[in-house]
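Report on the following structure.
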Amino acid sequence: MIEVRNLLKTYGGRTVVDIQNLNIRAGETIGLVGNNGAGKTTFFRMLLDLIRADGGEILSKDINVAKSAQWKDYTASYLDEGFLIDYLTPEEYFTFIGSLHGLSIAHVADYLKQYEEFFNGEILNRGKYIRDFSKGNQNKVGIAAALMQKPELLILDEPFANLDPTTQIRLKSLIKHLNTTQRLTTFISSHDLNHVTDVCNRIILLEKGKVIKDFHTDENSLKELEAYFGE
Amino acid sequence: MISIFLSHQWKSFWRSRNKAGSIAAQIVLGFFMLYFLVVAIGIGFWMSTLIEKFMPGINPTVIFNGLILYYFLFDLVIRIQMQELPTLSIVPYLHLNISRKTIVNFLNIKSLFSIFNILPWFIFFPFVILNIMTIQGALVGTAYLLSILALVFFNNYLVLYLKRKAINNVAIFGVGMLLILGLAGLDYYQLISIRDFSNLIFQSVAKYPYLSLAFVAAAVAIFSVNSIFLRNNLYTEELSSKDDKKVSTDYPFLNSFGKVGELAALELKLILRHKRSRTSIIMGLLFLAYGFLFYKDKLLATDQFGAMLFAAIFMTGISIVTYGQFMFAWQSAHFDGLLVNKINFRDFIKAKFLLFTISCTIITILSSFYGFISYKLLLLHLAAYLYNIGFGTVIVLFFATNNYKRLDITQSASFNWQGVGATQWILGLPFFLVPIFLYVPFGMMNKPYWGLLAIGLFGLIALLLRNYWIDLIVKRFEKQRYKIAEGFRE
């Protein structure tokens with residue numbers, strides 16, 4: 001699904017991302033962990049062709065993401081509030097995103113019904129623009145809009161941050177469910193080791209832009225990660 | 001305590017993030033202020049000469065008296081539009097052990113640092129000192145100074161109070177403008193006379209100097225009303241106006257343009273839901289009066305379109321100029337989102353063209369009232385319109401691909417230099433020079449109508465080549481998008 005080759009990004013002489021070789025198969029749920037400055041967000045941005053790599057390439061379904069926009073057909077993402085059009089109401093935003101994928105207003109409304117539980121009654125019909133919502137609720141809008149696109153590849157940066165405990169648990173089961181039913185490939189970055197080991201079946205640990213560890217999760221994974229970060 | 005606040009403000013001004021890039025803009029703004037001050041001083045010192053020149057035979061003091069209230073009336077209108085509320089700066093202090101009184105005092109004092117409070121000193125004081133004090137004595141002069149000073153304070157705090165109370169600035173501005181224009185109109189048709197009224201008041205002040213205390217009382221009253229209101233409502237949530245229910249809207253007209261229309265509708269919402277873009281629109285409508293300055297009977301009679309071309313291009317293309325100069329940066333807050341979503345860059349650029357064409361058409365239709373002055377102006381506007389939608393749009397969008405400066409569109413537009421960079425300064429040159437170059441040869445050969453035809457044809461051809469321009473801009477946009485996105489992320 002995704003192939004990374006000799007990917008390199010430096011800012012002012014400091015290497016931020018330096019990944020020699022990385023292969024992601026379809027249906028994997030990848031947890032990207034690492035301290036601040038490890039290069040998680042920069043990697044995601046290159047994966048989404050938002051910044052230009054200084055060297056190397058990222059192939060999505062064998063096509064370089066920087067050369068063609070084909071990946072946009074099956075990739076959905078939510079990195080930060082910069083992805084939201086914050087002067088729209090949530091309904092308008094969902095309709096807009098839906099229209100990009102050929103969904104009618106009725107389709108979108110229908111789709112949103114299954115997320116009523118996820119929204120917990122705090123998102124729809126509130127008579128507010130997205131910018132007036134709390135950060136956690138903005139996150140919910142962004143994540144739901146990403147899922148609505150029925151992606152094959154989903155990229156979420158710190159999705160659990162700012163979410164209330166109930167929604168965190170709901171989001172985890174949602175991702176697991178989509179992974180088993182639709183073979184969704186997911187990238188999640190998080191600082192919460194519990195969540196990552198719980199929801200992901202593969203963990204990639206970054207340090208100063210390099211892949212330090214890359215393993216499939218089992219019952220010892222959490223201890224292993226805690227040992228690494230506790231040093 | 002207040003001096004600490006003021007020093008914090010001073011630091012926040014000098015250390016602000018966008019300051020580094022916009023020193024040039026600050027300097028320009030400084031020059032503007034200086035210019036206004038010099039003009040004010042000039043008016044102040046030569047007031048008696050000016051009055052004698054324009055209205056000979058009348059006692060200058062009578063005219064001067066008449067001008068005072070007039071000035072403060074217009075001062076009020078301009079303040080309503082321009083004066084900023086010093087509100088958000090207090091947020092970091094609210095939870096600290098600082099009394100509300102101190103914070104309110106700080107807000108009140110801070111609001112005094114405004115050019116509006118300085119200009120009247122220079123305009124009125126020289127005349128009062130030179131002409132009134134010397135003739136009518138120190139007491140009367142002091143009464144005048146006191147009254148004018150009190151009026152300055154009165155306007156300052158009245159506007160702050162009104163703005164804090166107002167939910168919708170635009171509406172208040174409109175109503176205020178109508179009120180003032182109404183008063184001026186009534187004055188013009190001599191139904192009432194503000195000047196006589198003002199003169200009457202200040203003659204009374206001259207006769208009974210203690211009357212000036214009434215002005216002081218009014219100023220103190222509005223000051224206390226404002227302070228009390230602030231002290232009782234010192235919640236940032238309530239001071240920043242909002243909280244009416246927002247509804248989702250849909251523009252069926254734009255839907256007929258498919259995906260492009262969808263994107264255009266998105267941008268239309270952006271324009272209508274942000275302060276900075278809304279003020280730009282109002283400015284644009286005000287500029288419709290620009291023609292009255294430029295379209296002179298003499299120029300029209302001799303068909304000198306060259307001298308009127310600038311005004312015509314500017315008026316019909318105002319939306320392109322004011323909105324287009326910051327192009328793409330309007331969307332800087334969610335630019336990443338636009339890039340990762342399934343949006344065809346071609347549609348994205350086409351939506352801009354669509355929006356420009358629609359707005360330009362509307363404003364040109366509105367400007368056709370100049371046709372009452374002369375049918376020639378309609379021809380001029382038609383040529384300018386074709387140029388604007390054909391080529392002006394292209395220039396603006398091409399330059400937009402070089403604009404990397406994030407724009408904070410939640411702030412008001414007047415005297416706002418945030419997001420201004422080199423692009424905005426360079427952009428104007430080709431935009432206004434191209435049509436003038438096109439016209440000049442015909443103008444010199446004394447064939448003014450051929451000149452208009454040349455501009456119109458040029459615009460029309462450019463319009464027919466629109467697909468070519470779109471390709472060009474899309475290619476450039478694809479190359480520049482990383483740089484633009486990086487700049488907008490800061």
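We label chains A, B, ... in the order they appear in the structure tokens, count residues from 1 in each chain, and number ligands from 1 in the order shown.
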Within 7 Å of Leu205 of chain A using only C-alpha atoms, minus same-chain residues under 2 positions, as a PyMOL selection string: chain A and resi 32-34+203+207+211-214
Proximal residues of chain B relative to chain A (only C-alpha atoms; 6 Å) as a list in words: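 Listing them in order of chain and number gives Lys245, Lys246, Val247, Ala333, His334, Asp336, Gly337, Lys342 and Tyr482 of chain B.
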Could you write those residues out with N, CA and C atoms, as a short mmCIF file (atom, residue, chain, number, x, y, z; two decimals), in the first residue's frame?
data_model
loop_
_atom_site.label_atom_id
_atom_site.label_comp_id
_atom_site.auth_asym_id
_atom_site.auth_seq_id
_atom_site.Cartn_x
_atom_site.Cartn_y
_atom_site.Cartn_z
N LYS B 245 -27.65 32.76 16.71
CA LYS B 245 -27.62 31.41 16.15
C LYS B 245 -27.19 31.43 14.69
N LYS B 246 -26.23 30.55 14.37
CA LYS B 246 -25.76 30.48 13.00
C LYS B 246 -26.53 29.40 12.24
N VAL B 247 -26.84 29.72 10.99
CA VAL B 247 -27.56 28.72 10.19
C VAL B 247 -26.74 28.36 8.96
N ALA B 333 -5.92 29.81 6.75
CA ALA B 333 -6.18 29.01 7.95
C ALA B 333 -6.51 27.56 7.61
N HIS B 334 -7.08 27.32 6.44
CA HIS B 334 -7.42 25.93 6.11
C HIS B 334 -6.83 25.51 4.77
N ASP B 336 -4.09 23.82 4.15
CA ASP B 336 -3.72 22.39 4.18
C ASP B 336 -4.90 21.52 3.85
N GLY B 337 -6.04 21.87 4.44
CA GLY B 337 -7.25 21.09 4.22
C GLY B 337 -7.64 21.08 2.74
N LYS B 342 -9.94 16.12 -2.02
CA LYS B 342 -10.04 15.78 -3.43
C LYS B 342 -10.55 16.99 -4.22
N TYR B 482 3.80 24.13 -2.22
CA TYR B 482 4.49 23.81 -0.96
C TYR B 482 4.90 25.09 -0.24
#
Separation of atom CA of Asn108 of chain B from atom CA of Ser3 of chain B, in Å and rounded to one decimal: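 Between atom CA of Asn108 of chain B and atom CA of Ser3 of chain B the gap is 13.1 Å.
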Point-to-point distance in Å for atom CA of Met46 of chain A and atom CA of Asn64 of chain A: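 These two atoms are separated by 10.9 Å.
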